[in-house]
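Novice: Sharing data25.pdb, PDB, C-alpha atoms:
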```
ATOM      1  CA  MET K   1     -19.105 -33.696 -13.444
ATOM      2  CA  ILE K   2     -18.750 -32.187 -16.917
ATOM      3  CA  ARG K   3     -20.586 -29.057 -15.843
ATOM      4  CA  CYS K   4     -18.445 -28.720 -12.721
ATOM      5  CA  GLY K   5     -15.281 -29.172 -14.786
ATOM      6  CA  ALA K   6     -16.420 -26.573 -17.296
ATOM      7  CA  ALA K   7     -17.246 -24.166 -14.466
ATOM      8  CA  VAL K   8     -13.791 -24.616 -12.935
ATOM      9  CA  VAL K   9     -12.126 -24.000 -16.282
ATOM     10  CA  ALA K  10     -14.281 -20.916 -16.884
ATOM     11  CA  LEU K  11     -13.452 -19.505 -13.442
ATOM     12  CA  ALA K  12      -9.741 -20.183 -13.996
ATOM     13  CA  VAL K  13      -9.802 -18.377 -17.335
ATOM     14  CA  LEU K  14     -11.772 -15.485 -15.833
ATOM     15  CA  TRP K  15      -9.290 -15.195 -12.973
ATOM     16  CA  LEU K  16      -6.356 -15.318 -15.384
ATOM     17  CA  PHE K  17      -7.643 -12.344 -17.357
ATOM     18  CA  THR K  18      -8.844 -10.299 -14.361
ATOM     19  CA  ALA K  19      -6.116 -11.039 -11.772
ATOM     20  CA  HIS K  20      -4.083  -7.914 -12.561
ATOM     21  CA  TRP K  21      -7.179  -5.747 -12.455
ATOM     22  CA  LEU K  22      -8.114  -7.241  -9.073
ATOM     23  CA  SER K  23      -4.586  -6.665  -7.830
ATOM     24  CA  LEU K  24      -4.758  -2.986  -8.838
ATOM     25  CA  LEU K  25      -8.125  -2.700  -7.114
ATOM     26  CA  VAL K  26      -6.685  -4.059  -3.863
ATOM     27  CA  ASP K  27      -3.669  -1.752  -4.232
ATOM     28  CA  GLN K  28      -5.952   1.270  -3.995
ATOM     29  CA  VAL K  29      -6.962   0.138  -0.511
ATOM     30  CA  SER K  30      -3.782  -1.399   0.887
ATOM     31  CA  ARG K  31      -0.221  -2.266  -0.126
ATOM     32  CA  ALA K  32       2.569  -4.141   1.664
ATOM     33  CA  ARG K  33       5.406  -1.940   2.949
ATOM     34  CA  VAL K  34       8.776  -3.174   1.670
ATOM     35  CA  ALA K  35      11.394  -0.570   2.580
ATOM     36  CA  SER K  36      12.169   3.112   2.843
ATOM     37  CA  ALA K  37      15.131   5.281   1.907
ATOM     38  CA  PRO K  38      16.203   8.816   2.814
ATOM     39  CA  ALA K  39      14.986  11.436   0.349
ATOM     40  CA  SER K  40      18.244  13.375   0.798
ATOM     41  CA  PRO K  41      20.862  13.429  -0.519
ATOM     42  CA  PHE K  42      19.818  12.240  -3.968
ATOM     43  CA  GLY K  43      21.364  12.215  -7.403
ATOM     44  CA  TRP K  44      20.191  13.667 -10.718
ATOM     45  CA  ASP K  45      21.818  12.790 -14.049
ATOM     46  CA  GLY K  46      19.494  14.840 -16.233
ATOM     47  CA  VAL K  47      17.115  11.923 -16.766
ATOM     48  CA  THR K  48      16.604  10.000 -13.526
ATOM     49  CA  LEU K  49      16.423  10.744  -9.824
ATOM     50  CA  LYS K  50      18.670   8.396  -7.835
ATOM     51  CA  PHE K  51      18.118   7.477  -4.208
ATOM     52  CA  GLY K  52      19.778   5.042  -1.840
ATOM     53  CA  GLY K  53      23.187   5.268  -3.491
ATOM     54  CA  GLY K  54      21.686   4.581  -6.902
ATOM     55  CA  ALA K  55      19.640   1.568  -5.766
ATOM     56  CA  TYR K  56      16.412   3.334  -6.738
ATOM     57  CA  ARG K  57      16.371   5.071 -10.121
ATOM     58  CA  LEU K  58      13.214   6.919 -11.063
ATOM     59  CA  ASP K  59      12.597   8.974 -14.181
ATOM     60  CA  LEU K  60       9.871  11.513 -14.840
ATOM     61  CA  ASP K  61       7.966   9.762 -17.634
ATOM     62  CA  GLY K  62       4.426   8.463 -17.358
ATOM     63  CA  PRO K  63       2.963   5.088 -18.382
ATOM     64  CA  GLY K  64       3.353   3.538 -21.830
ATOM     65  CA  PRO K  65       2.926   3.159 -24.645
ATOM     66  CA  SER K  66       3.460   6.914 -25.139
ATOM     67  CA  TYR K  67       5.451   7.570 -21.922
ATOM     68  CA  PRO K  68       4.484  11.243 -21.592
ATOM     69  CA  GLN K  69       6.610  13.553 -19.487
ATOM     70  CA  VAL K  70       4.692  14.007 -16.228
ATOM     71  CA  ALA K  71       7.230  16.222 -14.456
ATOM     72  CA  ALA K  72      10.413  18.122 -15.310
ATOM     73  CA  ALA K  73      13.543  19.042 -13.355
ATOM     74  CA  SER K  74      16.088  21.790 -13.972
ATOM     75  CA  ASP K  75      18.707  23.901 -12.179
ATOM     76  CA  ASP K  76      17.762  27.419 -11.144
ATOM     77  CA  PRO K  77      20.244  30.359 -10.997
ATOM     78  CA  ASP K  78      21.114  29.405  -7.401
ATOM     79  CA  LYS K  79      22.139  25.888  -8.508
ATOM     80  CA  ARG K  80      19.133  24.291  -6.860
ATOM     81  CA  LEU K  81      17.178  21.480  -8.537
ATOM     82  CA  VAL K  82      13.591  22.564  -9.136
ATOM     83  CA  LEU K  83      10.896  20.013  -9.915
ATOM     84  CA  SER K  84       7.971  21.282 -12.019
ATOM     85  CA  VAL K  85       4.506  19.741 -12.290
ATOM     86  CA  ASN K  86       1.728  21.400 -14.296
ATOM     87  CA  GLY K  87       3.474  24.760 -14.225
ATOM     88  CA  ARG K  88       4.125  24.750 -10.489
ATOM     89  CA  GLY K  89       7.680  24.369  -9.163
ATOM     90  CA  LEU K  90       9.216  23.139  -5.924
ATOM     91  CA  VAL K  91      12.877  23.142  -4.882
ATOM     92  CA  LEU K  92      13.993  19.562  -4.282
ATOM     93  CA  GLY K  93      17.472  20.412  -3.098
ATOM     94  CA  ALA K  94      20.619  22.487  -3.339
ATOM     95  CA  ARG K  95      23.681  21.269  -5.211
ATOM     96  CA  ALA K  96      26.025  19.224  -3.032
ATOM     97  CA  ASP K  97      28.955  16.857  -3.546
ATOM     98  CA  GLU K  98      28.793  14.136  -6.179
ATOM     99  CA  LEU K  99      26.943  10.944  -5.238
ATOM    100  CA  PRO K 100      28.468   7.469  -5.838
ATOM    101  CA  VAL K 101      25.968   5.238  -7.681
ATOM    102  CA  GLY K 102      27.998   2.038  -8.079
ATOM    103  CA  GLY K 103      28.820   0.388 -11.374
ATOM    104  CA  THR K 104      32.045  -0.993 -12.822
ATOM    105  CA  PRO K 105      34.079   1.132 -12.843
ATOM    106  CA  PRO K 106      32.421   3.133 -10.023
ATOM    107  CA  THR K 107      30.541   6.191 -11.263
ATOM    108  CA  THR K 108      29.125   9.308  -9.660
ATOM    109  CA  VAL K 109      26.339  11.770 -10.436
ATOM    110  CA  GLN K 110      25.587  15.290  -9.296
ATOM    111  CA  ALA K 111      24.106  15.189  -5.805
ATOM    112  CA  PHE K 112      21.541  17.483  -4.209
ATOM    113  CA  ALA K 113      20.653  17.907  -0.542
ATOM    114  CA  ALA K 114      17.328  18.970   0.915
ATOM    115  CA  GLU K 115      17.053  22.524   2.156
ATOM    116  CA  PRO K 116      16.947  23.162   5.932
ATOM    117  CA  GLY K 117      13.542  22.340   7.380
ATOM    118  CA  ASP K 118      12.487  20.061   4.520
ATOM    119  CA  VAL K 119      10.899  16.745   5.544
ATOM    120  CA  GLY K 120      10.592  13.837   3.128
ATOM    121  CA  ALA K 121      11.145  10.161   2.410
ATOM    122  CA  LEU K 122      11.067   7.553  -0.332
ATOM    123  CA  THR K 123       8.884   4.568   0.548
ATOM    124  CA  ILE K 124       8.655   1.313  -1.379
ATOM    125  CA  GLU K 125       5.524  -0.856  -1.341
ATOM    126  CA  ARG K 126       4.268  -3.856  -3.306
ATOM    127  CA  SER K 127       0.956  -5.430  -4.211
ATOM    128  CA  TRP K 128      -0.535  -8.046  -1.922
ATOM    129  CA  LEU K 129      -1.698  -9.999  -4.987
ATOM    130  CA  SER K 130       0.351 -11.232  -7.936
ATOM    131  CA  TRP K 131      -0.917 -12.594 -11.252
ATOM    132  CA  PRO K 132       0.267 -15.402 -13.556
ATOM    133  CA  VAL K 133       1.877 -14.663 -16.900
ATOM    134  CA  PHE K 134       2.860 -16.812 -19.843
ATOM    135  CA  GLY K 135       5.606 -16.016 -22.303
ATOM    136  CA  LEU K 136       8.985 -16.986 -23.721
ATOM    137  CA  ASN K 137      12.100 -14.833 -23.778
ATOM    138  CA  LEU K 138      14.020 -15.923 -26.866
ATOM    139  CA  MET K 139      17.074 -13.898 -25.820
ATOM    140  CA  THR K 140      17.700 -15.415 -22.374
ATOM    141  CA  GLY K 141      15.308 -18.366 -22.277
ATOM    142  CA  GLN K 142      14.000 -17.119 -18.934
ATOM    143  CA  SER K 143      10.556 -15.617 -18.528
ATOM    144  CA  PRO K 144       8.621 -14.672 -15.389
ATOM    145  CA  THR K 145       5.759 -16.916 -14.378
ATOM    146  CA  TRP K 146       4.188 -14.361 -12.029
ATOM    147  CA  ARG K 147       4.132 -10.587 -11.812
ATOM    148  CA  ARG K 148       3.236  -8.021  -9.197
ATOM    149  CA  ASP K 149       3.369  -4.238  -8.964
ATOM    150  CA  VAL K 150       5.927  -2.343  -6.917
ATOM    151  CA  TYR K 151       5.294   1.282  -5.907
ATOM    152  CA  TYR K 152       7.763   4.060  -5.099
ATOM    153  CA  ARG K 153       6.378   7.132  -3.317
ATOM    154  CA  LEU K 154       8.444  10.296  -2.917
ATOM    155  CA  SER K 155       7.088  12.845  -0.457
ATOM    156  CA  ARG K 156       8.495  16.229   0.491
ATOM    157  CA  LYS K 157       7.128  18.946   2.774
ATOM    158  CA  LYS K 158       8.615  22.429   2.901
ATOM    159  CA  PRO K 159       8.631  24.557   6.084
ATOM    160  CA  SER K 160       6.065  26.825   4.397
ATOM    161  CA  GLY K 161       3.619  23.920   4.149
ATOM    162  CA  GLU K 162       4.128  23.364   0.415
ATOM    163  CA  ARG K 163       3.971  19.653  -0.412
ATOM    164  CA  LEU K 164       5.210  17.313  -3.125
ATOM    165  CA  ASP K 165       3.825  13.838  -3.718
ATOM    166  CA  MET K 166       5.024  11.528  -6.512
ATOM    167  CA  LEU K 167       4.071   7.907  -7.122
ATOM    168  CA  TRP K 168       5.702   5.443  -9.526
ATOM    169  CA  ARG K 169       4.443   1.948 -10.361
ATOM    170  CA  PHE K 170       6.518  -0.781 -12.020
ATOM    171  CA  GLU K 171       5.930  -4.458 -12.693
ATOM    172  CA  GLN K 172       8.181  -7.027 -11.008
ATOM    173  CA  GLY K 173       8.549 -10.560 -12.362
ATOM    174  CA  PHE K 174       9.021 -13.845 -10.510
ATOM    175  CA  TYR K 175      11.535 -16.201 -12.144
ATOM    176  CA  PRO K 176      11.645 -19.917 -11.241
ATOM    177  CA  GLY K 177      14.932 -20.706  -9.545
ATOM    178  CA  SER K 178      15.902 -17.094  -8.831
ATOM    179  CA  GLY K 179      12.795 -15.521  -7.299
ATOM    180  CA  TRP K 180      11.550 -11.972  -7.736
ATOM    181  CA  GLY K 181      13.577  -9.802 -10.073
ATOM    182  CA  SER K 182      14.089  -6.073 -10.106
ATOM    183  CA  ALA K 183      11.326  -3.528 -10.451
ATOM    184  CA  SER K 184      13.300  -0.798 -12.140
ATOM    185  CA  GLY K 185      10.994  -0.418 -15.103
ATOM    186  CA  THR K 186      13.476  -1.729 -17.666
ATOM    187  CA  GLU K 187      11.594  -4.881 -18.622
ATOM    188  CA  ASP K 188       8.395  -4.773 -20.684
ATOM    189  CA  ARG K 189       7.634  -1.452 -19.045
ATOM    190  CA  LEU K 190       4.078  -0.233 -19.391
ATOM    191  CA  THR K 191       4.113   1.782 -16.213
ATOM    192  CA  GLY K 192       6.075   4.643 -14.713
ATOM    193  CA  LEU K 193       5.264   7.883 -12.919
ATOM    194  CA  ILE K 194       1.507   7.599 -12.400
ATOM    195  CA  GLN K 195       0.972  10.524 -10.032
ATOM    196  CA  ALA K 196       2.732  13.831  -9.388
ATOM    197  CA  LYS K 197       1.347  16.861  -7.643
ATOM    198  CA  ILE K 198       2.598  19.939  -5.841
ATOM    199  CA  GLU K 199       0.246  21.464  -3.317
ATOM    200  CA  PRO K 200       0.780  25.140  -2.470
ATOM    201  CA  ALA K 201       1.352  26.333   1.060
ATOM    202  CA  PRO K 202      -1.891  26.912   2.975
ATOM    203  CA  PRO K 203      -2.901  30.559   3.336
ATOM    204  CA  ARG K 204      -1.757  32.295   6.477
ATOM    205  CA  ARG K 205      -4.428  33.361   8.904
TER     206      ARG K 205
END
```
Please, can you express the file's structure as structure tokens?
Specialist:
Amino acid sequence: MIRCGAAVVALAVLWLFTAHWLSLLVDQVSRARVASAPASPFGWDGVTLKFGGGAYRLDLDGPGPSYPQVAAASDDPDKRLVLSVNGRGLVLGARADELPVGGTPPTTVQAFAAEPGDVGALTIERSWLSWPVFGLNLMTGQSPTWRRDVYYRLSRKKPSGERLDMLWRFEQGFYPGSGWGSASGTEDRLTGLIQAKIEPAPPRR
């Protein structure tokens, strides 16, 4: 009985310290689809890309603790927003009307619309597995008891065949009494933009 009890405790401790790693491993194979949002129009405030009327706010920094800049965005002479990754650029959209993003009082940001022929979407997925956490928030008194990862994937394909693929990962906490919180990356963030690549158009035959 003692040996069985010790084995159970050892397995529980092992699972506690490896649960997030196992969750990430499963995520590489499969994730649960949560929602999707149009990739156009979108907002840009100089720091974050805003989709779904400001419901999804994604910046261009990579994971912590250093949060390196993975991608950059800037206006070109034609007032189009160009996203740059590793020296390669892709036009995300042309300047359009301002985009309401909520808030009190209501606020707006500069909006951009995809160019004709562009195809893209923002998809939101989450991990199948969550992991337990222990901690105390001295400011609010509320701390999550479980966490899981939420993924945001932005894809864009130009008529020429040029492609953009960006993937963000944020942790989402489960709070007793209120359920799963936001996954905006504002709480204990050690994640962010984990993948960004622009593939050139295939050569013409």
Novice: Using the chain letters and residue numbers of this document, give as number ranges by chain the residues selected by the PyMOL selection byres ((chain K and resi 40-45) around 10).
Specialist: K: 37-39, 46-54, 56-59, 73-74, 81, 92-101, 108-115, 118-122
Novice: What is the distance between atom CA of Gln69 of chain K and atom CA of Val26 of chain K, in Å to one decimal?
Specialist: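 So the answer is 27.0 Å.
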Novice: Using only C-alpha atoms, which residue out of K:Arg204, K:Tyr151, K:Lys158, K:Val133 lies closest to Tyr175 of chain K?
Specialist: K:Val133
Novice: Quote the spacing between atom CA of Arg88 of chain K and atom CA of Arg169 of chain K in Å to one decimal place.
Specialist: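 Separation between atom CA of Arg88 of chain K and atom CA of Arg169 of chain K: 22.8 Å.
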Novice: Go ahead and compute the interatomic distance for atom CA of Ser66 of chain K and atom CA of Leu154 of chain K, in Å to one decimal.
Specialist: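 It comes out at 23.0 Å.
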Novice: Quick one: residues within 9 Å of Val85 of chain K, all atoms listed in the file counted, chain neighbours fewer than 6 positions away excluded, as a PyMOL selection string?
Specialist: chain K and resi 70-72+196-198
Novice: Export C-alpha atoms of the chosen residues as an mmCIF file, in the coordinates of the input?
Specialist:
```
data_model
loop_
_atom_site.group_PDB
_atom_site.id
_atom_site.type_symbol
_atom_site.label_atom_id
_atom_site.label_comp_id
_atom_site.auth_asym_id
_atom_site.auth_seq_id
_atom_site.Cartn_x
_atom_site.Cartn_y
_atom_site.Cartn_z
ATOM 1 C CA VAL K 70 4.692 14.007 -16.228
ATOM 2 C CA ALA K 71 7.230 16.222 -14.456
ATOM 3 C CA ALA K 72 10.413 18.122 -15.310
ATOM 4 C CA ALA K 196 2.732 13.831 -9.388
ATOM 5 C CA LYS K 197 1.347 16.861 -7.643
ATOM 6 C CA ILE K 198 2.598 19.939 -5.841
#
```
Novice: Between K:Gln172, K:Gly161, K:Asn86, K:Gly177, single out the one closest to Pro200 of chain K, counting all atoms listed in the file.
Specialist: K:Gly161
Novice: Would you kindly identify which residues have an atom no farther than 7 Å from (11.3, 24.3, -5.1), using only C-alpha atoms and the file's own coordinates, and write them out as a PyMOL selection string?
Specialist: chain K and resi 82-83+89-92
Novice: Evaluate the PyMOL selection byres ((chain K and resi 125) around 6) on the structure here and hand back the selected residues as a list in words.
Specialist: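 This file gives the following for the PyMOL selection byres ((chain K and resi 125) around 6): Ala32, Arg33, Val34, Ile124, Arg126, Val150 and Tyr151 of chain K.
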Novice: Measuring atom to atom with all atoms listed in the file, identify which of K:Lys79, K:Ser178, K:Thr123, K:Thr104 is nearest to Ser155 of chain K.
Specialist: K:Thr123
Novice: Please list, as a list in words, the residues that have an atom at most 12 Å away from (10.4, -18.5, -8.1) in the coordinates of this file, counting only C-alpha atoms.
Specialist: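 Returned residue set, sorted by chain then number, is Pro132, Gln142, Ser143, Pro144, Thr145, Trp146, Arg147, Gly173, Phe174, Tyr175, Pro176, Gly177, Ser178, Gly179, Trp180 and Gly181 of chain K.
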Novice: Choose the residue, out of K:Gly87, K:Pro105, K:Gly62, K:Pro202, that has the smallest atom-to-atom separation from Met166 of chain K; count only C-alpha atoms.
Specialist: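 Under the stated criterion, the closest residue is K:Gly62.
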Novice: With a distance cut-off of 12 Å and all atoms listed in the file, select the neighbouring residues of Val29 of chain K, excluding the residue or stretch itself and same-chain residues fewer than 6 positions from it, and output the selection as a PyMOL selection string.
Specialist: chain K and resi 22-23+127-128
Novice: Measuring atom to atom with only C-alpha atoms, identify which of K:Lys157, K:Arg148, K:Arg31, K:Arg80 is nearest to Glu199 of chain K.
Specialist: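 Under the stated criterion, the closest residue is K:Lys157.
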